[in-house]
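Data block for structure-v1.pdb (PDB, C-alpha atoms, pLDDT in the B column):
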ATOM      1  CA  MET A   1     -37.865  18.009 -45.206  1.00 95.00           C
ATOM      2  CA  PHE A   2     -35.797  20.571 -47.084  1.00 97.00           C
ATOM      3  CA  ALA A   3     -32.864  22.799 -46.091  1.00 98.00           C
ATOM      4  CA  ARG A   4     -31.462  25.223 -48.658  1.00 98.00           C
ATOM      5  CA  VAL A   5     -29.095  28.132 -49.026  1.00 98.00           C
ATOM      6  CA  SER A   6     -29.888  30.419 -51.937  1.00 97.00           C
ATOM      7  CA  GLU A   7     -28.903  33.755 -53.428  1.00 97.00           C
ATOM      8  CA  ALA A   8     -32.254  33.959 -55.166  1.00 98.00           C
ATOM      9  CA  ASP A   9     -35.435  35.289 -53.572  1.00 98.00           C
ATOM     10  CA  PHE A  10     -38.181  32.826 -52.656  1.00 98.00           C
ATOM     11  CA  SER A  11     -41.959  32.649 -52.928  1.00 98.00           C
ATOM     12  CA  GLN A  12     -43.666  31.984 -49.587  1.00 98.00           C
ATOM     13  CA  GLN A  13     -46.593  30.376 -51.415  1.00 97.00           C
ATOM     14  CA  ALA A  14     -44.347  28.001 -53.370  1.00 97.00           C
ATOM     15  CA  LEU A  15     -42.518  26.952 -50.198  1.00 97.00           C
ATOM     16  CA  TYR A  16     -45.790  26.498 -48.306  1.00 96.00           C
ATOM     17  CA  ASP A  17     -47.118  24.321 -51.132  1.00 95.00           C
ATOM     18  CA  GLU A  18     -43.924  22.262 -51.194  1.00 95.00           C
ATOM     19  CA  LEU A  19     -44.080  21.801 -47.413  1.00 95.00           C
ATOM     20  CA  CYS A  20     -47.690  20.620 -47.516  1.00 93.00           C
ATOM     21  CA  GLU A  21     -47.546  18.298 -50.531  1.00 90.00           C
ATOM     22  CA  HIS A  22     -45.749  15.701 -48.414  1.00 81.00           C
ATOM     23  CA  ASN A  23     -48.334  13.048 -47.532  1.00 70.00           C
ATOM     24  CA  GLN A  24     -47.773  13.040 -43.784  1.00 77.00           C
ATOM     25  CA  ALA A  25     -47.765  16.826 -43.782  1.00 72.00           C
ATOM     26  CA  SER A  26     -51.034  16.918 -45.714  1.00 72.00           C
ATOM     27  CA  GLN A  27     -52.670  15.124 -42.791  1.00 78.00           C
ATOM     28  CA  SER A  28     -51.336  17.574 -40.235  1.00 90.00           C
ATOM     29  CA  GLY A  29     -53.650  20.014 -38.485  1.00 94.00           C
ATOM     30  CA  ALA A  30     -51.144  22.820 -38.083  1.00 96.00           C
ATOM     31  CA  VAL A  31     -48.706  24.628 -40.355  1.00 96.00           C
ATOM     32  CA  VAL A  32     -46.591  27.515 -39.078  1.00 97.00           C
ATOM     33  CA  THR A  33     -44.377  29.609 -41.330  1.00 98.00           C
ATOM     34  CA  PHE A  34     -41.972  32.395 -40.402  1.00 98.00           C
ATOM     35  CA  THR A  35     -40.281  34.878 -42.726  1.00 98.00           C
ATOM     36  CA  GLY A  36     -37.365  37.064 -41.614  1.00 97.00           C
ATOM     37  CA  ARG A  37     -36.758  40.341 -43.488  1.00 97.00           C
ATOM     38  CA  VAL A  38     -34.037  42.983 -43.623  1.00 97.00           C
ATOM     39  CA  ARG A  39     -34.766  45.875 -41.248  1.00 93.00           C
ATOM     40  CA  ASP A  40     -33.850  49.329 -42.584  1.00 92.00           C
ATOM     41  CA  TYR A  41     -32.161  50.391 -39.328  1.00 91.00           C
ATOM     42  CA  ASN A  42     -29.875  49.178 -36.581  1.00 88.00           C
ATOM     43  CA  ALA A  43     -28.875  50.593 -33.185  1.00 82.00           C
ATOM     44  CA  GLY A  44     -26.768  53.259 -34.955  1.00 82.00           C
ATOM     45  CA  GLY A  45     -29.430  54.489 -37.397  1.00 89.00           C
ATOM     46  CA  ALA A  46     -30.453  53.837 -41.009  1.00 94.00           C
ATOM     47  CA  ILE A  47     -28.744  51.112 -43.053  1.00 95.00           C
ATOM     48  CA  ASP A  48     -28.592  50.330 -46.787  1.00 95.00           C
ATOM     49  CA  GLY A  49     -29.082  46.589 -46.676  1.00 96.00           C
ATOM     50  CA  ILE A  50     -27.003  43.647 -45.541  1.00 97.00           C
ATOM     51  CA  GLU A  51     -24.631  41.028 -46.900  1.00 97.00           C
ATOM     52  CA  LEU A  52     -24.578  37.401 -45.767  1.00 98.00           C
ATOM     53  CA  GLU A  53     -21.621  35.029 -45.978  1.00 98.00           C
ATOM     54  CA  TYR A  54     -21.810  31.262 -45.394  1.00 98.00           C
ATOM     55  CA  TYR A  55     -19.694  28.097 -45.335  1.00 97.00           C
ATOM     56  CA  PRO A  56     -20.736  26.048 -48.392  1.00 97.00           C
ATOM     57  CA  GLY A  57     -21.399  22.462 -47.319  1.00 96.00           C
ATOM     58  CA  MET A  58     -21.336  23.036 -43.566  1.00 96.00           C
ATOM     59  CA  THR A  59     -24.152  25.570 -43.606  1.00 97.00           C
ATOM     60  CA  GLU A  60     -26.500  23.248 -45.513  1.00 97.00           C
ATOM     61  CA  SER A  61     -25.729  20.293 -43.228  1.00 95.00           C
ATOM     62  CA  ALA A  62     -26.142  22.428 -40.100  1.00 96.00           C
ATOM     63  CA  LEU A  63     -29.577  23.546 -41.355  1.00 97.00           C
ATOM     64  CA  GLN A  64     -30.530  19.937 -42.108  1.00 97.00           C
ATOM     65  CA  GLN A  65     -29.403  18.792 -38.630  1.00 96.00           C
ATOM     66  CA  LEU A  66     -31.443  21.577 -37.067  1.00 97.00           C
ATOM     67  CA  LEU A  67     -34.592  20.379 -38.860  1.00 98.00           C
ATOM     68  CA  GLU A  68     -33.897  16.803 -37.723  1.00 98.00           C
ATOM     69  CA  GLN A  69     -33.495  17.932 -34.102  1.00 97.00           C
ATOM     70  CA  ALA A  70     -36.726  19.963 -34.271  1.00 98.00           C
ATOM     71  CA  THR A  71     -38.578  17.043 -35.890  1.00 97.00           C
ATOM     72  CA  ALA A  72     -37.580  14.667 -33.090  1.00 97.00           C
ATOM     73  CA  ARG A  73     -38.253  17.175 -30.343  1.00 97.00           C
ATOM     74  CA  PHE A  74     -41.643  18.512 -31.492  1.00 97.00           C
ATOM     75  CA  LYS A  75     -42.968  15.532 -33.503  1.00 96.00           C
ATOM     76  CA  LEU A  76     -43.008  17.595 -36.688  1.00 96.00           C
ATOM     77  CA  THR A  77     -44.564  15.873 -39.694  1.00 95.00           C
ATOM     78  CA  ASN A  78     -42.569  18.019 -42.112  1.00 96.00           C
ATOM     79  CA  SER A  79     -40.301  21.042 -42.011  1.00 97.00           C
ATOM     80  CA  GLY A  80     -38.345  23.279 -44.326  1.00 98.00           C
ATOM     81  CA  ILE A  81     -35.872  26.129 -44.197  1.00 98.00           C
ATOM     82  CA  VAL A  82     -34.467  28.465 -46.840  1.00 98.00           C
ATOM     83  CA  HIS A  83     -31.737  30.973 -45.965  1.00 98.00           C
ATOM     84  CA  ARG A  84     -30.574  33.557 -48.457  1.00 98.00           C
ATOM     85  CA  VAL A  85     -26.969  34.721 -48.810  1.00 98.00           C
ATOM     86  CA  GLY A  86     -25.200  37.517 -50.677  1.00 98.00           C
ATOM     87  CA  ARG A  87     -26.144  41.200 -50.801  1.00 97.00           C
ATOM     88  CA  LEU A  88     -29.749  41.916 -49.780  1.00 97.00           C
ATOM     89  CA  PRO A  89     -31.502  45.305 -49.841  1.00 97.00           C
ATOM     90  CA  ASN A  90     -33.694  46.651 -47.031  1.00 96.00           C
ATOM     91  CA  GLN A  91     -37.020  44.803 -46.680  1.00 97.00           C
ATOM     92  CA  ALA A  92     -35.750  41.795 -48.656  1.00 98.00           C
ATOM     93  CA  GLN A  93     -36.683  38.341 -47.404  1.00 98.00           C
ATOM     94  CA  ILE A  94     -33.739  36.689 -45.605  1.00 98.00           C
ATOM     95  CA  VAL A  95     -35.015  33.447 -44.152  1.00 98.00           C
ATOM     96  CA  TRP A  96     -38.097  31.238 -44.285  1.00 98.00           C
ATOM     97  CA  VAL A  97     -39.002  28.453 -41.865  1.00 98.00           C
ATOM     98  CA  GLY A  98     -42.024  26.174 -42.142  1.00 98.00           C
ATOM     99  CA  THR A  99     -43.202  23.478 -39.740  1.00 97.00           C
ATOM    100  CA  CYS A 100     -46.094  20.990 -39.882  1.00 96.00           C
ATOM    101  CA  ALA A 101     -47.444  19.116 -36.874  1.00 96.00           C
ATOM    102  CA  ALA A 102     -50.625  17.432 -35.718  1.00 94.00           C
ATOM    103  CA  HIS A 103     -51.362  20.323 -33.373  1.00 95.00           C
ATOM    104  CA  ARG A 104     -50.460  24.016 -33.368  1.00 96.00           C
ATOM    105  CA  GLN A 105     -48.314  24.147 -30.240  1.00 97.00           C
ATOM    106  CA  ASP A 106     -45.712  21.775 -31.663  1.00 97.00           C
ATOM    107  CA  ALA A 107     -45.719  23.635 -34.991  1.00 97.00           C
ATOM    108  CA  PHE A 108     -45.226  27.018 -33.245  1.00 98.00           C
ATOM    109  CA  SER A 109     -42.569  25.664 -30.872  1.00 98.00           C
ATOM    110  CA  GLY A 110     -40.754  23.868 -33.673  1.00 98.00           C
ATOM    111  CA  ALA A 111     -40.521  27.036 -35.784  1.00 98.00           C
ATOM    112  CA  SER A 112     -39.398  29.085 -32.780  1.00 97.00           C
ATOM    113  CA  TYR A 113     -36.767  26.482 -31.847  1.00 97.00           C
ATOM    114  CA  ILE A 114     -35.399  26.372 -35.403  1.00 98.00           C
ATOM    115  CA  MET A 115     -35.011  30.168 -35.554  1.00 97.00           C
ATOM    116  CA  ASP A 116     -33.459  30.447 -32.068  1.00 96.00           C
ATOM    117  CA  MET A 117     -30.958  27.658 -32.705  1.00 95.00           C
ATOM    118  CA  LEU A 118     -30.213  28.878 -36.246  1.00 96.00           C
ATOM    119  CA  LYS A 119     -28.966  32.172 -34.806  1.00 93.00           C
ATOM    120  CA  GLN A 120     -26.636  30.279 -32.483  1.00 90.00           C
ATOM    121  CA  SER A 121     -25.324  27.285 -34.401  1.00 90.00           C
ATOM    122  CA  VAL A 122     -25.514  27.696 -38.189  1.00 95.00           C
ATOM    123  CA  PRO A 123     -22.430  29.209 -39.885  1.00 96.00           C
ATOM    124  CA  ILE A 124     -23.826  32.368 -41.471  1.00 97.00           C
ATOM    125  CA  TRP A 125     -22.396  35.858 -40.899  1.00 97.00           C
ATOM    126  CA  LYS A 126     -24.094  39.185 -41.493  1.00 96.00           C
ATOM    127  CA  LYS A 127     -22.622  42.564 -42.310  1.00 96.00           C
ATOM    128  CA  GLU A 128     -24.585  45.784 -42.569  1.00 96.00           C
ATOM    129  CA  TRP A 129     -24.009  48.443 -45.211  1.00 95.00           C
ATOM    130  CA  ALA A 130     -24.453  52.166 -44.480  1.00 94.00           C
ATOM    131  CA  GLY A 131     -23.119  55.124 -46.453  1.00 89.00           C
ATOM    132  CA  GLY A 132     -20.864  52.967 -48.620  1.00 90.00           C
ATOM    133  CA  THR A 133     -19.128  51.214 -45.719  1.00 94.00           C
ATOM    134  CA  SER A 134     -19.868  47.867 -44.142  1.00 94.00           C
ATOM    135  CA  THR A 135     -19.706  46.603 -40.566  1.00 94.00           C
ATOM    136  CA  TRP A 136     -19.876  42.998 -39.387  1.00 95.00           C
ATOM    137  CA  VAL A 137     -22.769  42.406 -37.019  1.00 93.00           C
ATOM    138  CA  ALA A 138     -21.684  41.234 -33.546  1.00 90.00           C
ATOM    139  CA  ALA A 139     -23.379  38.206 -32.020  1.00 88.00           C
ATOM    140  CA  LYS A 140     -26.132  39.335 -29.650  1.00 84.00           C
ATOM    141  CA  GLY A 141     -26.493  38.233 -26.052  1.00 80.00           C
ATOM    142  CA  THR A 142     -30.265  38.061 -26.457  1.00 84.00           C
ATOM    143  CA  ASP A 143     -29.801  35.471 -29.235  1.00 82.00           C
ATOM    144  CA  SER A 144     -27.622  33.348 -26.948  1.00 79.00           C
ATOM    145  CA  GLU A 145     -30.230  33.584 -24.225  1.00 82.00           C
ATOM    146  CA  ALA A 146     -32.991  32.510 -26.612  1.00 82.00           C
ATOM    147  CA  ALA A 147     -30.990  29.418 -27.601  1.00 81.00           C
ATOM    148  CA  MET A 148     -30.016  28.706 -24.003  1.00 79.00           C
ATOM    149  CA  ARG A 149     -33.697  28.619 -23.068  1.00 82.00           C
ATOM    150  CA  TRP A 150     -34.136  25.506 -25.235  1.00 83.00           C
ATOM    151  CA  LEU A 151     -30.870  23.959 -24.045  1.00 78.00           C
ATOM    152  CA  THR A 152     -31.842  24.520 -20.402  1.00 78.00           C
ATOM    153  CA  ASP A 153     -35.177  22.848 -21.111  1.00 75.00           C
ATOM    154  CA  ASP A 154     -33.184  19.836 -22.359  1.00 71.00           C
ATOM    155  CA  LYS A 155     -31.550  19.456 -18.978  1.00 58.00           C
ATOM    156  CA  ASP A 156     -34.906  19.617 -17.231  1.00 55.00           C
ATOM    157  CA  ASP A 157     -36.352  16.821 -19.374  1.00 52.00           C
TER
ATOM    158  CA  MET B   1      -4.291  20.377 -44.248  1.00 96.00           C
ATOM    159  CA  LYS B   2      -6.774  22.805 -45.700  1.00 97.00           C
ATOM    160  CA  VAL B   3      -7.711  25.794 -43.548  1.00 98.00           C
ATOM    161  CA  LYS B   4     -10.704  27.990 -44.352  1.00 98.00           C
ATOM    162  CA  LEU B   5     -11.422  31.409 -42.870  1.00 98.00           C
ATOM    163  CA  PHE B   6     -14.693  33.307 -42.849  1.00 98.00           C
ATOM    164  CA  ALA B   7     -16.197  36.754 -42.232  1.00 97.00           C
ATOM    165  CA  GLN B   8     -13.998  39.187 -40.211  1.00 96.00           C
ATOM    166  CA  ILE B   9     -11.210  36.615 -39.967  1.00 97.00           C
ATOM    167  CA  ARG B  10     -11.127  36.239 -43.763  1.00 97.00           C
ATOM    168  CA  GLU B  11     -11.181  40.010 -44.269  1.00 96.00           C
ATOM    169  CA  VAL B  12      -8.562  40.941 -41.656  1.00 96.00           C
ATOM    170  CA  THR B  13      -6.091  38.278 -42.848  1.00 97.00           C
ATOM    171  CA  GLY B  14      -6.941  38.800 -46.524  1.00 97.00           C
ATOM    172  CA  THR B  15      -7.075  35.002 -46.811  1.00 98.00           C
ATOM    173  CA  GLU B  16     -10.010  32.795 -47.739  1.00 98.00           C
ATOM    174  CA  SER B  17      -8.186  29.464 -47.524  1.00 98.00           C
ATOM    175  CA  LEU B  18      -4.684  28.058 -47.283  1.00 97.00           C
ATOM    176  CA  GLU B  19      -2.811  24.777 -47.166  1.00 97.00           C
ATOM    177  CA  MET B  20      -0.506  24.096 -44.238  1.00 95.00           C
ATOM    178  CA  ALA B  21       1.568  21.181 -43.002  1.00 94.00           C
ATOM    179  CA  VAL B  22       0.797  19.978 -39.482  1.00 92.00           C
ATOM    180  CA  PRO B  23       2.814  17.710 -37.175  1.00 90.00           C
ATOM    181  CA  ASP B  24       1.403  14.427 -35.864  1.00 88.00           C
ATOM    182  CA  ASP B  25      -0.935  14.914 -32.920  1.00 91.00           C
ATOM    183  CA  ALA B  26      -1.545  18.562 -33.837  1.00 94.00           C
ATOM    184  CA  THR B  27      -4.608  20.090 -32.211  1.00 96.00           C
ATOM    185  CA  ILE B  28      -6.928  22.779 -33.527  1.00 96.00           C
ATOM    186  CA  GLU B  29      -5.502  25.107 -30.877  1.00 96.00           C
ATOM    187  CA  GLY B  30      -2.010  24.324 -32.183  1.00 96.00           C
ATOM    188  CA  VAL B  31      -3.138  25.227 -35.703  1.00 97.00           C
ATOM    189  CA  ARG B  32      -4.627  28.498 -34.419  1.00 96.00           C
ATOM    190  CA  GLN B  33      -1.373  29.371 -32.605  1.00 96.00           C
ATOM    191  CA  ALA B  34       0.671  28.591 -35.734  1.00 96.00           C
ATOM    192  CA  LEU B  35      -1.565  30.860 -37.817  1.00 97.00           C
ATOM    193  CA  MET B  36      -1.379  33.663 -35.238  1.00 97.00           C
ATOM    194  CA  ALA B  37       2.427  33.574 -35.554  1.00 97.00           C
ATOM    195  CA  LYS B  38       2.125  34.565 -39.239  1.00 96.00           C
ATOM    196  CA  GLY B  39       1.827  38.270 -38.416  1.00 96.00           C
ATOM    197  CA  PRO B  40      -0.054  41.026 -36.610  1.00 97.00           C
ATOM    198  CA  GLN B  41      -3.206  40.740 -38.746  1.00 97.00           C
ATOM    199  CA  TRP B  42      -3.365  37.022 -38.028  1.00 97.00           C
ATOM    200  CA  GLN B  43      -2.812  37.674 -34.340  1.00 97.00           C
ATOM    201  CA  GLU B  44      -5.642  40.233 -34.344  1.00 95.00           C
ATOM    202  CA  ALA B  45      -8.057  38.085 -36.338  1.00 96.00           C
ATOM    203  CA  LEU B  46      -7.606  34.865 -34.393  1.00 96.00           C
ATOM    204  CA  SER B  47      -7.139  36.114 -30.827  1.00 92.00           C
ATOM    205  CA  ALA B  48     -10.754  37.244 -30.396  1.00 83.00           C
ATOM    206  CA  ASN B  49     -13.726  34.970 -29.771  1.00 88.00           C
ATOM    207  CA  VAL B  50     -13.232  32.380 -32.511  1.00 94.00           C
ATOM    208  CA  LEU B  51     -15.222  29.236 -33.279  1.00 94.00           C
ATOM    209  CA  CYS B  52     -13.670  26.297 -35.078  1.00 94.00           C
ATOM    210  CA  ALA B  53     -14.840  23.372 -37.156  1.00 95.00           C
ATOM    211  CA  CYS B  54     -13.135  20.208 -38.301  1.00 96.00           C
ATOM    212  CA  ASN B  55     -14.482  18.594 -41.471  1.00 96.00           C
ATOM    213  CA  GLN B  56     -17.473  20.938 -41.303  1.00 95.00           C
ATOM    214  CA  THR B  57     -18.482  20.017 -37.736  1.00 93.00           C
ATOM    215  CA  LEU B  58     -18.117  22.425 -34.805  1.00 91.00           C
ATOM    216  CA  CYS B  59     -15.420  21.320 -32.365  1.00 92.00           C
ATOM    217  CA  ASP B  60     -13.194  22.716 -29.615  1.00 91.00           C
ATOM    218  CA  GLY B  61      -9.478  23.477 -29.559  1.00 93.00           C
ATOM    219  CA  THR B  62      -8.441  20.160 -28.051  1.00 94.00           C
ATOM    220  CA  MET B  63      -9.484  18.179 -31.128  1.00 94.00           C
ATOM    221  CA  VAL B  64      -6.568  16.338 -32.771  1.00 96.00           C
ATOM    222  CA  VAL B  65      -6.299  16.960 -36.507  1.00 95.00           C
ATOM    223  CA  SER B  66      -4.333  15.463 -39.401  1.00 93.00           C
ATOM    224  CA  GLU B  67      -3.198  16.383 -42.917  1.00 94.00           C
ATOM    225  CA  GLN B  68      -6.426  15.137 -44.509  1.00 95.00           C
ATOM    226  CA  ASP B  69      -8.702  17.330 -42.407  1.00 96.00           C
ATOM    227  CA  GLU B  70     -10.419  20.555 -43.391  1.00 97.00           C
ATOM    228  CA  VAL B  71     -10.263  23.017 -40.513  1.00 97.00           C
ATOM    229  CA  ALA B  72     -12.185  26.304 -40.392  1.00 97.00           C
ATOM    230  CA  PHE B  73     -12.031  29.329 -38.101  1.00 97.00           C
ATOM    231  CA  PHE B  74     -14.848  31.851 -37.888  1.00 96.00           C
ATOM    232  CA  PRO B  75     -16.487  34.372 -35.555  1.00 95.00           C
ATOM    233  CA  PRO B  76     -19.718  33.667 -33.621  1.00 94.00           C
ATOM    234  CA  VAL B  77     -22.533  33.229 -36.130  1.00 95.00           C
ATOM    235  CA  THR B  78     -25.089  35.966 -36.887  1.00 95.00           C
ATOM    236  CA  GLY B  79     -27.544  34.493 -39.393  1.00 93.00           C
ATOM    237  CA  GLY B  80     -31.342  34.642 -39.380  1.00 92.00           C
TER
END
Can you present the structure in this file as structure tokens?
Amino acid sequence: MFARVSEADFSQQALYDELCEHNQASQSGAVVTFTGRVRDYNAGGAIDGIELEYYPGMTESALQQLLEQATARFKLTNSGIVHRVGRLPNQAQIVWVGTCAAHRQDAFSGASYIMDMLKQSVPIWKKEWAGGTSTWVAAKGTDSEAAMRWLTDDKDD
Amino acid sequence: MKVKLFAQIREVTGTESLEMAVPDDATIEGVRQALMAKGPQWQEALSANVLCACNQTLCDGTMVVSEQDEVAFFPPVTGG
């Protein structure tokens, strides 16, 4: 299991290899990976990249806790997350999530859960740059709803 | 106590972190109110929807804090 915050770009292949070299993961039948990238537009038009701020220490532990929750919930055999911070140009990779499980449904659900909860509970803040000025991104209702879906499922269990 | 501020709250107040003395039985909400009394920018930054953490764990305003704690205020998160 690995949870990292990094200014540097990452290689999807290197992270996939790292995820799978774990013995239990190597015996898993399913690996799902997700990569988030910087869109070159928002609701107001074109943008010139983004900038991400984080809370050193808390962000890493929140990411680690998220992987532990996903592992328990979806019986993941390994998982990893890398989130970049700092100034990122359009199309740059922002975030990578990888999950291993015996079967695909748990691997897909685990990755989806990690991304939905990340957007709700991990201290990272995004601002968008356009024409030399920057604007903080407001939290989206659709992100809250996506996280609430998992939390509502908890109550039903 | 050490107080850390992030994102819009850091920018509007022009402050990344500060040290402040707190009375016994102070709550996070009490700390927020004390900071808001520092001036109009502080009032603006901390009166909106603000999340708080104590010792790097999310908490609510009723949490009791002491001199040794690290408290943080920040807007709703927008990572991913």
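Of the residues listed (B:Lys38, B:Asp25, B:Ala72, B:Met20), B:Ala72 shows the shortest atom-to-atom separation from Thr57 (chain B); distances use all atoms listed in the file.
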Closest-contact table, chain A side, partner chain B, 10 Å, counting only C-alpha atoms, as JSON lines:
{"residue": "A:Thr35", "atom": "CA", "partner": "B:Gly80", "partner_atom": "CA", "distance": 9.5}
{"residue": "A:Gly36", "atom": "CA", "partner": "B:Gly80", "partner_atom": "CA", "distance": 6.9}
{"residue": "A:Arg37", "atom": "CA", "partner": "B:Gly80", "partner_atom": "CA", "distance": 8.9}
{"residue": "A:Val38", "atom": "CA", "partner": "B:Gly80", "partner_atom": "CA", "distance": 9.7}
{"residue": "A:Leu52", "atom": "CA", "partner": "B:Gly79", "partner_atom": "CA", "distance": 7.6}
{"residue": "A:Glu53", "atom": "CA", "partner": "B:Ala7", "partner_atom": "CA", "distance": 6.8}
{"residue": "A:Tyr54", "atom": "CA", "partner": "B:Phe6", "partner_atom": "CA", "distance": 7.8}
{"residue": "A:Tyr55", "atom": "CA", "partner": "B:Phe6", "partner_atom": "CA", "distance": 7.6}
{"residue": "A:Pro56", "atom": "CA", "partner": "B:Gln56", "partner_atom": "CA", "distance": 9.3}
{"residue": "A:Gly57", "atom": "CA", "partner": "B:Gln56", "partner_atom": "CA", "distance": 7.3}
{"residue": "A:Met58", "atom": "CA", "partner": "B:Gln56", "partner_atom": "CA", "distance": 4.9}
{"residue": "A:Thr59", "atom": "CA", "partner": "B:Gln56", "partner_atom": "CA", "distance": 8.4}
{"residue": "A:Ser61", "atom": "CA", "partner": "B:Gln56", "partner_atom": "CA", "distance": 8.5}
{"residue": "A:Ala62", "atom": "CA", "partner": "B:Thr57", "partner_atom": "CA", "distance": 8.4}
{"residue": "A:His83", "atom": "CA", "partner": "B:Gly80", "partner_atom": "CA", "distance": 7.5}
{"residue": "A:Arg84", "atom": "CA", "partner": "B:Gly80", "partner_atom": "CA", "distance": 9.2}
{"residue": "A:Val85", "atom": "CA", "partner": "B:Gly79", "partner_atom": "CA", "distance": 9.4}
{"residue": "A:Ile94", "atom": "CA", "partner": "B:Gly80", "partner_atom": "CA", "distance": 7.0}
{"residue": "A:Val95", "atom": "CA", "partner": "B:Gly80", "partner_atom": "CA", "distance": 6.1}
{"residue": "A:Trp96", "atom": "CA", "partner": "B:Gly80", "partner_atom": "CA", "distance": 9.0}
{"residue": "A:Met115", "atom": "CA", "partner": "B:Gly80", "partner_atom": "CA", "distance": 6.9}
{"residue": "A:Asp116", "atom": "CA", "partner": "B:Gly80", "partner_atom": "CA", "distance": 8.7}
{"residue": "A:Met117", "atom": "CA", "partner": "B:Gly80", "partner_atom": "CA", "distance": 9.7}
{"residue": "A:Leu118", "atom": "CA", "partner": "B:Gly80", "partner_atom": "CA", "distance": 6.7}
{"residue": "A:Lys119", "atom": "CA", "partner": "B:Gly79", "partner_atom": "CA", "distance": 5.3}
{"residue": "A:Gln120", "atom": "CA", "partner": "B:Val77", "partner_atom": "CA", "distance": 6.2}
{"residue": "A:Ser121", "atom": "CA", "partner": "B:Val77", "partner_atom": "CA", "distance": 6.8}
{"residue": "A:Val122", "atom": "CA", "partner": "B:Val77", "partner_atom": "CA", "distance": 6.6}
{"residue": "A:Pro123", "atom": "CA", "partner": "B:Val77", "partner_atom": "CA", "distance": 5.5}
{"residue": "A:Ile124", "atom": "CA", "partner": "B:Gly79", "partner_atom": "CA", "distance": 4.8}
{"residue": "A:Trp125", "atom": "CA", "partner": "B:Thr78", "partner_atom": "CA", "distance": 4.8}
{"residue": "A:Lys126", "atom": "CA", "partner": "B:Thr78", "partner_atom": "CA", "distance": 5.7}
{"residue": "A:Lys127", "atom": "CA", "partner": "B:Ala7", "partner_atom": "CA", "distance": 8.7}
{"residue": "A:Thr135", "atom": "CA", "partner": "B:Gln8", "partner_atom": "CA", "distance": 9.4}
{"residue": "A:Trp136", "atom": "CA", "partner": "B:Gln8", "partner_atom": "CA", "distance": 7.1}
{"residue": "A:Val137", "atom": "CA", "partner": "B:Thr78", "partner_atom": "CA", "distance": 6.8}
{"residue": "A:Ala138", "atom": "CA", "partner": "B:Thr78", "partner_atom": "CA", "distance": 7.1}
{"residue": "A:Ala139", "atom": "CA", "partner": "B:Thr78", "partner_atom": "CA", "distance": 5.6}
{"residue": "A:Lys140", "atom": "CA", "partner": "B:Thr78", "partner_atom": "CA", "distance": 8.1}
{"residue": "A:Asp143", "atom": "CA", "partner": "B:Thr78", "partner_atom": "CA", "distance": 9.0}
Selection under test: the PyMOL selection byres ((chain A and resi 12) around 12); residues as a ChimeraX atom specification: /A:9-11,13-19,32-36,80-82,93-98
Got a sec: who's within 12 Å of Ile28 (chain B), counting all atoms listed in the file, leaving out chain neighbours fewer than 6 positions off, as a CSV table (one decimal) with C-alpha atoms, in the frame of the given file?
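Below is the file that was written, out04.csv:
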chain,number,residue,atom,x,y,z
B,1,MET,CA,-4.3,20.4,-44.2
B,3,VAL,CA,-7.7,25.8,-43.5
B,22,VAL,CA,0.8,20.0,-39.5
B,34,ALA,CA,0.7,28.6,-35.7
B,35,LEU,CA,-1.6,30.9,-37.8
B,50,VAL,CA,-13.2,32.4,-32.5
B,51,LEU,CA,-15.2,29.2,-33.3
B,52,CYS,CA,-13.7,26.3,-35.1
B,53,ALA,CA,-14.8,23.4,-37.2
B,54,CYS,CA,-13.1,20.2,-38.3
B,55,ASN,CA,-14.5,18.6,-41.5
B,58,LEU,CA,-18.1,22.4,-34.8
B,59,CYS,CA,-15.4,21.3,-32.4
B,60,ASP,CA,-13.2,22.7,-29.6
B,61,GLY,CA,-9.5,23.5,-29.6
B,62,THR,CA,-8.4,20.2,-28.1
B,63,MET,CA,-9.5,18.2,-31.1
B,64,VAL,CA,-6.6,16.3,-32.8
B,65,VAL,CA,-6.3,17.0,-36.5
B,66,SER,CA,-4.3,15.5,-39.4
B,67,GLU,CA,-3.2,16.4,-42.9
B,69,ASP,CA,-8.7,17.3,-42.4
B,70,GLU,CA,-10.4,20.6,-43.4
B,71,VAL,CA,-10.3,23.0,-40.5
B,72,ALA,CA,-12.2,26.3,-40.4
B,73,PHE,CA,-12.0,29.3,-38.1
One decimal, in Å: what's the spacing between CA of Gly29 (chain A) and CA of Cys100 (chain A)? 7.7 Å
I need every residue sitting at most 10 Å from the point (-4.8, 32.5, -38.3) (coordinates as in the file, only C-alpha atoms considered), written as a VMD selection string. chain B and resid 3 to 5 9 to 10 12 to 13 15 31 to 47 72 to 73
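Taking CA of Arg149 (chain A) as the reference point, CA of Ala111 (chain A) is found at 14.5 Å.
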If we count all atoms listed in the file, what is near region 65-79 of chain A at a cut-off of 6 Å, once residues fewer than 6 positions away on the same chain are taken out, given as an NGL selection string? :A and (1 or 24-25 or 98-101 or 106 or 110)
Once 8 Å is added on each side, what are the centre and the three edge lengths, in Å to one decimal, of the axis-aligned box enclosing the listed atoms of region 44-61 of chain B? Present them as lines of an AutoDock Vina configuration file.
center_x = -12.1
center_y = 29.4
center_z = -35.5
size_x = 28.8
size_y = 37.6
size_z = 27.9
Env of Asp48 (chain A): 12 Å cut, atoms = only C-alpha atoms, seq-sep filter 4 positions within chain, self excluded. Answer as a ChimeraX atom specification. /A:38-42,87-92,127-135
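The gap separating CA of Arg4 (chain A) from CA of Leu63 (chain A) is 7.7 Å, in Å to one decimal.
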Could you tell me, as a ChimeraX atom specification, exactly which residues end up selected when the PyMOL selection byres ((chain B and resi 18) around 6) is applied to this structure? /B:2-3,17,19
